[in-house]
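A.B. asks: I am sharing start32.csv, which consists of CSV, C-alpha atoms:
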```csv
chain,number,residue,atom,x,y,z
A,1,MET,CA,40.0,50.7,233.8
A,2,LYS,CA,39.3,47.1,233.0
A,3,THR,CA,37.3,46.7,229.8
A,4,ALA,CA,36.2,43.9,227.5
A,5,ARG,CA,39.1,42.6,225.5
A,6,LYS,CA,38.8,39.0,224.7
A,7,SER,CA,36.1,37.4,222.6
A,8,ALA,CA,33.8,35.0,224.4
A,9,LYS,CA,35.0,31.5,224.3
A,10,ARG,CA,32.9,29.4,226.7
A,11,ASN,CA,30.4,28.2,224.1
A,12,ALA,CA,32.4,27.4,221.0
A,13,LYS,CA,29.7,25.4,219.2
A,14,ARG,CA,27.1,28.1,218.6
A,15,VAL,CA,26.2,30.1,215.6
A,16,HIS,CA,24.3,33.4,216.2
A,17,VAL,CA,22.0,35.2,213.7
A,18,ILE,CA,22.3,38.8,214.9
A,19,SER,CA,20.7,42.1,213.7
A,20,ARG,CA,23.4,44.4,212.2
A,21,LYS,CA,22.6,47.8,210.7
A,22,ASP,CA,19.4,46.9,208.9
A,23,GLN,CA,21.0,43.6,207.8
A,24,TRP,CA,21.6,40.3,209.5
A,25,ALA,CA,24.9,38.8,210.5
A,26,VAL,CA,25.8,35.2,211.0
A,27,LYS,CA,28.5,34.9,213.6
A,28,LYS,CA,30.2,31.9,215.1
A,29,GLU,CA,30.6,32.3,218.9
A,30,GLY,CA,34.2,33.0,219.9
A,31,THR,CA,35.1,34.7,216.7
A,32,THR,CA,35.5,38.4,216.4
A,33,ARG,CA,34.1,38.8,212.9
A,34,ALA,CA,30.8,37.8,211.3
A,35,SER,CA,31.0,34.9,208.9
A,36,ARG,CA,28.6,36.6,206.5
A,37,ILE,CA,26.1,39.4,206.3
A,38,TYR,CA,22.7,38.9,204.7
A,39,ALA,CA,20.1,41.4,203.5
A,40,ASN,CA,17.3,39.7,205.4
A,41,LYS,CA,16.8,37.5,208.4
A,42,GLN,CA,15.4,34.5,206.6
A,43,ALA,CA,18.4,34.3,204.3
A,44,ALA,CA,20.7,34.7,207.4
A,45,VAL,CA,19.0,31.7,209.2
A,46,LYS,CA,19.5,29.6,206.1
A,47,GLY,CA,23.1,30.6,205.9
A,48,ALA,CA,23.6,29.9,209.6
A,49,LYS,CA,22.2,26.4,209.2
A,50,LYS,CA,24.6,25.8,206.3
A,51,ILE,CA,27.7,26.8,208.2
A,52,ALA,CA,26.7,25.1,211.4
A,53,SER,CA,27.9,21.5,211.7
A,54,ASN,CA,25.6,18.8,212.9
A,55,ASP,CA,26.5,19.3,216.6
A,56,TRP,CA,26.2,23.1,216.6
A,57,ASP,CA,23.3,25.2,218.1
A,58,VAL,CA,21.8,27.9,215.8
A,59,ILE,CA,20.6,30.8,217.9
A,60,VAL,CA,18.4,33.3,216.1
A,61,HIS,CA,18.0,36.7,217.8
A,62,ARG,CA,15.4,39.4,217.6
A,63,LYS,CA,16.4,43.0,216.7
A,64,ASP,CA,16.7,43.7,220.5
A,65,GLY,CA,19.1,40.8,221.1
A,66,SER,CA,16.6,38.6,222.8
A,67,ILE,CA,16.1,35.0,221.6
A,68,ASP,CA,13.7,34.3,218.7
A,69,LYS,CA,14.5,30.7,218.0
A,70,TRP,CA,17.1,28.2,219.4
A,71,SER,CA,17.8,25.1,217.3
A,72,LYS,CA,19.7,22.4,219.0
A,73,PRO,CA,21.5,19.6,217.2
A,74,GLU,CA,19.5,16.4,216.8
A,75,LYS,CA,20.9,13.6,219.0
B,1,MET,CA,22.7,57.8,256.3
B,2,SER,CA,23.5,57.5,252.6
B,3,ARG,CA,22.8,54.1,251.2
B,4,GLY,CA,24.0,54.4,247.6
B,5,GLY,CA,27.8,54.0,248.1
B,6,LYS,CA,30.5,56.5,247.6
B,7,LYS,CA,30.9,58.9,244.7
B,8,SER,CA,33.0,57.2,242.0
B,9,PRO,CA,34.4,58.2,238.6
B,10,THR,CA,32.9,55.0,237.2
B,11,ASN,CA,29.4,55.7,238.4
B,12,VAL,CA,27.0,56.5,235.5
B,13,PHE,CA,23.6,57.9,236.4
B,14,ILE,CA,20.9,56.5,234.0
B,15,ASN,CA,17.7,58.5,233.5
B,16,CYS,CA,15.3,56.5,231.4
B,17,PRO,CA,11.8,55.1,231.4
B,18,PHE,CA,11.1,51.9,233.4
B,19,ASP,CA,8.1,50.5,231.5
B,20,ASP,CA,8.0,47.3,229.6
B,21,ASP,CA,8.3,49.0,226.2
B,22,TYR,CA,11.7,50.3,227.1
B,23,ILE,CA,13.2,47.0,228.2
B,24,PRO,CA,14.5,46.3,224.6
B,25,LEU,CA,16.6,49.4,225.0
B,26,LEU,CA,17.3,49.3,228.7
B,27,ARG,CA,19.0,45.9,228.6
B,28,PRO,CA,21.6,46.7,225.9
B,29,LEU,CA,22.1,50.1,227.6
B,30,LEU,CA,23.0,48.5,230.9
B,31,PHE,CA,25.2,45.9,229.2
B,32,THR,CA,27.2,48.6,227.3
B,33,VAL,CA,27.8,50.6,230.5
B,34,VAL,CA,29.0,47.6,232.4
B,35,CYS,CA,31.0,46.2,229.4
B,36,ALA,CA,32.8,49.5,229.1
B,37,GLY,CA,33.9,49.2,232.7
B,38,TYR,CA,31.4,51.6,234.4
B,39,ASP,CA,28.8,51.2,237.0
B,40,PRO,CA,25.2,52.0,236.1
B,41,ARG,CA,23.3,53.9,238.8
B,42,ILE,CA,19.6,53.9,238.2
B,43,ALA,CA,16.6,54.8,240.3
B,44,SER,CA,15.2,51.3,240.1
B,45,GLU,CA,18.4,49.7,241.5
B,46,ARG,CA,16.9,49.6,244.9
B,47,PHE,CA,13.3,49.6,246.2
B,48,ASP,CA,12.2,51.0,249.5
B,49,SER,CA,8.6,52.2,249.8
B,50,GLY,CA,9.7,54.5,252.7
B,51,GLU,CA,12.3,56.3,250.6
B,52,ALA,CA,11.3,59.5,248.7
B,53,ARG,CA,12.1,58.9,245.0
B,54,ILE,CA,13.4,62.5,244.5
B,55,SER,CA,15.9,62.1,247.4
B,56,LYS,CA,17.2,58.8,245.8
B,57,ILE,CA,17.6,60.5,242.4
B,58,VAL,CA,19.4,63.5,243.8
B,59,GLU,CA,21.7,61.1,245.7
B,60,LEU,CA,22.4,59.0,242.6
B,61,ILE,CA,23.2,62.2,240.6
B,62,SER,CA,25.5,63.5,243.2
B,63,LYS,CA,27.5,60.2,243.3
B,64,SER,CA,27.9,59.9,239.5
B,65,SER,CA,30.5,61.5,237.5
B,66,LEU,CA,28.7,60.7,234.2
B,67,SER,CA,25.1,60.6,233.2
B,68,ILE,CA,22.9,59.3,230.4
B,69,HIS,CA,19.5,60.8,229.8
B,70,ASP,CA,17.1,59.1,227.3
B,71,LEU,CA,14.4,61.5,226.3
B,72,SER,CA,13.0,59.3,223.6
B,73,ARG,CA,9.8,58.5,225.5
B,74,ILE,CA,8.7,62.0,226.5
B,75,LYS,CA,6.1,62.3,223.7
B,76,ALA,CA,2.6,61.1,224.4
B,77,GLN,CA,1.8,58.1,222.2
B,78,GLU,CA,-2.0,58.3,222.2
B,79,LYS,CA,-4.7,61.0,222.3
B,80,ASP,CA,-5.3,62.2,225.9
B,81,GLU,CA,-2.1,60.6,227.1
B,82,VAL,CA,-0.1,63.1,229.2
B,83,PHE,CA,3.5,64.0,228.4
B,84,ARG,CA,6.0,62.1,230.4
B,85,LEU,CA,8.0,64.7,232.4
B,86,ASN,CA,10.1,62.5,234.7
B,87,MET,CA,13.0,62.3,232.2
B,88,PRO,CA,13.3,66.0,231.4
B,89,PHE,CA,12.8,66.8,235.1
B,90,GLU,CA,15.7,64.5,236.1
B,91,LEU,CA,17.8,66.0,233.3
B,92,GLY,CA,17.1,69.4,234.8
B,93,LEU,CA,18.2,68.1,238.3
B,94,ASP,CA,21.4,66.8,236.8
B,95,MET,CA,22.1,70.1,234.9
B,96,GLY,CA,21.4,72.0,238.1
B,97,TYR,CA,23.8,69.9,240.0
B,98,ARG,CA,26.5,70.3,237.3
B,99,LEU,CA,26.2,74.0,237.5
B,100,SER,CA,26.4,74.1,241.3
B,101,LYS,CA,29.7,74.4,243.2
B,102,ARG,CA,29.4,70.8,244.5
B,103,GLY,CA,28.8,69.5,241.1
B,104,ALA,CA,31.6,71.4,239.4
B,105,ALA,CA,33.8,68.3,239.1
B,106,LYS,CA,31.1,66.3,237.3
B,107,ARG,CA,32.4,65.5,233.9
B,108,CYS,CA,29.7,65.1,231.2
B,109,CYS,CA,26.4,63.7,230.2
B,110,LEU,CA,24.9,62.1,227.1
B,111,ILE,CA,21.4,63.1,226.1
B,112,LEU,CA,19.6,60.6,223.8
B,113,GLU,CA,16.4,61.0,221.8
B,114,LYS,CA,14.5,58.9,219.3
B,115,GLU,CA,14.9,61.1,216.2
B,116,PRO,CA,17.1,64.1,215.5
B,117,TYR,CA,15.7,67.4,216.7
B,118,THR,CA,12.4,66.2,218.0
B,119,TYR,CA,13.4,67.2,221.5
B,120,GLN,CA,13.6,70.9,220.4
B,121,GLN,CA,9.9,71.1,220.1
B,122,ALA,CA,9.5,70.2,223.8
B,123,LEU,CA,12.8,71.4,225.3
B,124,SER,CA,14.1,74.3,223.2
B,125,ASP,CA,16.5,75.3,226.0
B,126,LEU,CA,18.6,72.4,224.8
B,127,SER,CA,18.9,73.7,221.2
B,128,GLY,CA,22.6,74.4,221.5
B,129,SER,CA,23.4,71.1,223.0
B,130,ASP,CA,24.8,68.1,221.2
B,131,ILE,CA,22.2,65.3,221.4
B,132,LYS,CA,22.4,61.8,219.9
B,133,SER,CA,19.5,59.9,218.5
B,134,HIS,CA,19.1,56.1,218.5
B,135,ASN,CA,15.9,55.7,216.4
B,136,ASN,CA,14.6,53.1,218.9
B,137,ASP,CA,17.3,50.7,217.6
B,138,PRO,CA,19.1,48.8,220.4
B,139,GLU,CA,22.2,48.4,218.2
B,140,ASN,CA,22.3,52.2,217.5
B,141,LEU,CA,22.0,52.8,221.2
B,142,VAL,CA,25.0,50.6,222.0
B,143,LEU,CA,27.1,52.4,219.3
B,144,GLU,CA,26.1,55.9,220.5
B,145,VAL,CA,26.8,55.1,224.2
B,146,ARG,CA,30.1,53.3,223.4
B,147,ASN,CA,31.3,56.2,221.3
B,148,TRP,CA,30.3,58.7,224.0
B,149,PHE,CA,32.5,56.8,226.5
B,150,VAL,CA,35.4,57.1,224.1
B,151,GLN,CA,34.7,60.8,223.6
B,152,THR,CA,34.7,61.4,227.3
B,153,GLY,CA,38.3,60.2,227.2
B,154,ASP,CA,38.2,56.4,227.8
B,155,LYS,CA,39.8,55.0,224.7
B,156,ASN,CA,40.2,51.4,225.9
B,157,ILE,CA,36.7,50.1,225.0
B,158,PRO,CA,35.8,47.4,222.4
B,159,SER,CA,34.1,48.5,219.2
B,160,GLY,CA,30.4,49.0,219.2
B,161,THR,CA,29.9,46.0,216.9
B,162,GLN,CA,31.9,43.8,219.3
B,163,ILE,CA,29.8,45.0,222.3
B,164,TRP,CA,26.6,44.3,220.4
B,165,SER,CA,27.9,40.8,219.6
B,166,PHE,CA,28.8,40.2,223.3
B,167,PHE,CA,25.3,41.4,224.3
B,168,ASN,CA,23.6,38.9,221.9
B,169,GLU,CA,25.8,36.1,223.3
B,170,PHE,CA,25.0,37.2,226.8
B,171,MET,CA,21.3,37.1,226.1
B,172,ALA,CA,21.6,33.5,224.9
B,173,ASP,CA,23.4,32.5,228.1
B,174,PHE,CA,21.1,34.7,230.3
B,175,TYR,CA,17.9,32.9,229.0
B,176,GLN,CA,19.5,29.4,229.1
B,177,ASP,CA,21.2,29.7,232.5
B,178,ARG,CA,18.2,31.3,234.2
B,179,GLN,CA,15.8,28.7,232.9
B,180,ARG,CA,18.2,26.0,234.2
B,181,GLU,CA,18.1,27.7,237.6
B,182,GLY,CA,14.3,27.6,237.6
B,183,PHE,CA,13.5,31.1,236.4
B,184,ARG,CA,10.3,31.2,234.2
B,185,GLU,CA,9.6,33.7,231.4
B,186,LYS,CA,7.7,35.9,233.9
B,187,ASP,CA,10.6,35.9,236.3
B,188,LEU,CA,12.9,37.1,233.6
B,189,GLU,CA,10.5,39.8,232.4
B,190,MET,CA,10.0,41.2,235.9
B,191,MET,CA,13.6,40.7,237.1
B,192,PRO,CA,14.8,43.7,239.2
B,193,VAL,CA,17.4,45.9,237.5
B,194,ALA,CA,20.1,45.3,240.2
B,195,GLU,CA,19.8,41.5,239.7
B,196,PHE,CA,20.1,41.9,235.9
B,197,ILE,CA,23.2,44.1,236.3
B,198,ASN,CA,24.7,41.4,238.6
B,199,PHE,CA,24.1,38.8,235.9
B,200,ILE,CA,25.9,41.0,233.3
B,201,ARG,CA,28.9,41.5,235.7
B,202,ARG,CA,29.1,37.7,236.4
B,203,TRP,CA,28.9,36.8,232.7
B,204,LEU,CA,31.6,39.3,231.7
B,205,HIS,CA,33.8,38.1,234.5
B,206,GLU,CA,33.3,34.4,233.6
B,207,ARG,CA,34.0,35.2,229.9
B,208,SER,CA,37.2,37.1,230.9
B,209,CYS,CA,35.7,40.1,229.1
B,210,ARG,CA,36.2,42.3,232.1
```
Please lay out the structure from this file as structure tokens.

C.D. replies:
Amino acid sequence: MKTARKSAKRNAKRVHVISRKDQWAVKKEGTTRASRIYANKQAAVKGAKKIASNDWDVIVHRKDGSIDKWSKPEK
Amino acid sequence: MSRGGKKSPTNVFINCPFDDDYIPLLRPLLFTVVCAGYDPRIASERFDSGEARISKIVELISKSSLSIHDLSRIKAQEKDEVFRLNMPFELGLDMGYRLSKRGAAKRCCLILEKEPYTYQQALSDLSGSDIKSHNNDPENLVLEVRNWFVQTGDKNIPSGTQIWSFFNEFMADFYQDRQREGFREKDLEMMPVAEFINFIRRWLHERSCR
């Protein structure tokens, strides 16, 4: 049976803030592990903005995975 | 003539509510099933006003080797609201089919609830059954469903954490791509389940995840 194996690679310049077991993970798209785990969402968003370079999107998710806020780099 | 395709070992019958409140759980549930390499079969996958709902459900059950039943919404939420009996009724149909001669080859089912042991108050016949609870948490739901697939014998599935990350990335692309294609917020909210499943399949294929 075919199953998911590879990590997503199409959008390399995105950082996601994702709910993870009552905490919040900051994860660069295309990587398999979270960059860092935070106790609350606000701290995770701050952390995501820090690790995102100027040309990266920061995508903040709700607990159900839908999009709460999407910050695009300023041009 | 049967319209639901052939019986397949990858078909998973999904018995769950279809109201807006359940969408936050339905989306990751469907994603996990497809990401694990299975085909979700759900009563809302096709719509025909001329088709009796009960016939459709029985057909889906008979063509699925696996089934997932979410009983987390059977309890009335407000005073004077009636119990929701569709989910336990469909679970009963599935159990009956499994016990029949024709259903003997059916492998197994996963029963989900909101909190541990609440189902026993309404459905004590299931007291001896192993039931998992997701606490209304979409991530927990992904982990429970993924672990159940592994326990049914399919070991080649990514971790629950990885599937949850994939799902979040999928949702970002889902919103962005659909809006580019002219879908508005309302279109996304009211999107038919079959169309949503097709987007999941396409995304996993494009990302070489499947």

A.B. asks: Let me make sure I understand: among A:Val26, A:Val15, A:Ala48, A:Ile67, which one has the smallest atom-to-atom distance to chain B if we use all atoms listed in the file?

C.D. replies: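 Residue with the minimum atom-to-atom distance to chain B: A:Ile67.
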
A.B. asks: Return the single residue from B:Leu188, B:Ile157, B:Cys16, B:Ile23 that is closest to chain A, with distances computed using only C-alpha atoms.

C.D. replies: B:Ile157

A.B. asks: For atom CA of B:Ser8 and atom CA of B:Leu60, determine how far apart the two atoms are, in Å to one decimal place.

C.D. replies: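 Between these atoms lies a distance of 10.8 Å.
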
A.B. asks: Show me which bits of chain B are within 8 Å of chain A, counting all atoms listed in the file, as a PyMOL selection string.

C.D. replies: chain B and resi 24-25+28+35-37+137-139+156-158+162+165-169+171-172+175+204+207-210

A.B. asks: Just how far from atom CA of B:Glu113 is atom CA of B:Lys132, in Å to one decimal?

C.D. replies: 6.3 Å

A.B. asks: At a cut-off of 9 Å, using only C-alpha atoms, what residues contact stretch 88-99 of chain B? Leave out same-chain residues fewer than 3 positions from it and give the result as a PyMOL selection string.

C.D. replies: chain B and resi 15+54+57-58+61-62+67-71+74+84-85+102-109+111+123

A.B. asks: Give me, please, the distance in Å between atom CA of B:Arg201 and atom CA of B:Phe174, quoted to one decimal.

C.D. replies: 11.7 Å

A.B. asks: Just checking: using all atoms listed in the file, which residue out of B:Glu59, B:Glu181, B:Glu51, B:Glu115 ends up closest to B:Asn11?

C.D. replies: B:Glu59

A.B. asks: Would you please work out which residue, of B:Ser55, B:Ser100, B:Thr32, B:Ser44, is nearest to B:Pro192 when using all atoms listed in the file?

C.D. replies: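 When distances to B:Pro192 are compared using all atoms listed in the file, the smallest one comes from B:Ser44.
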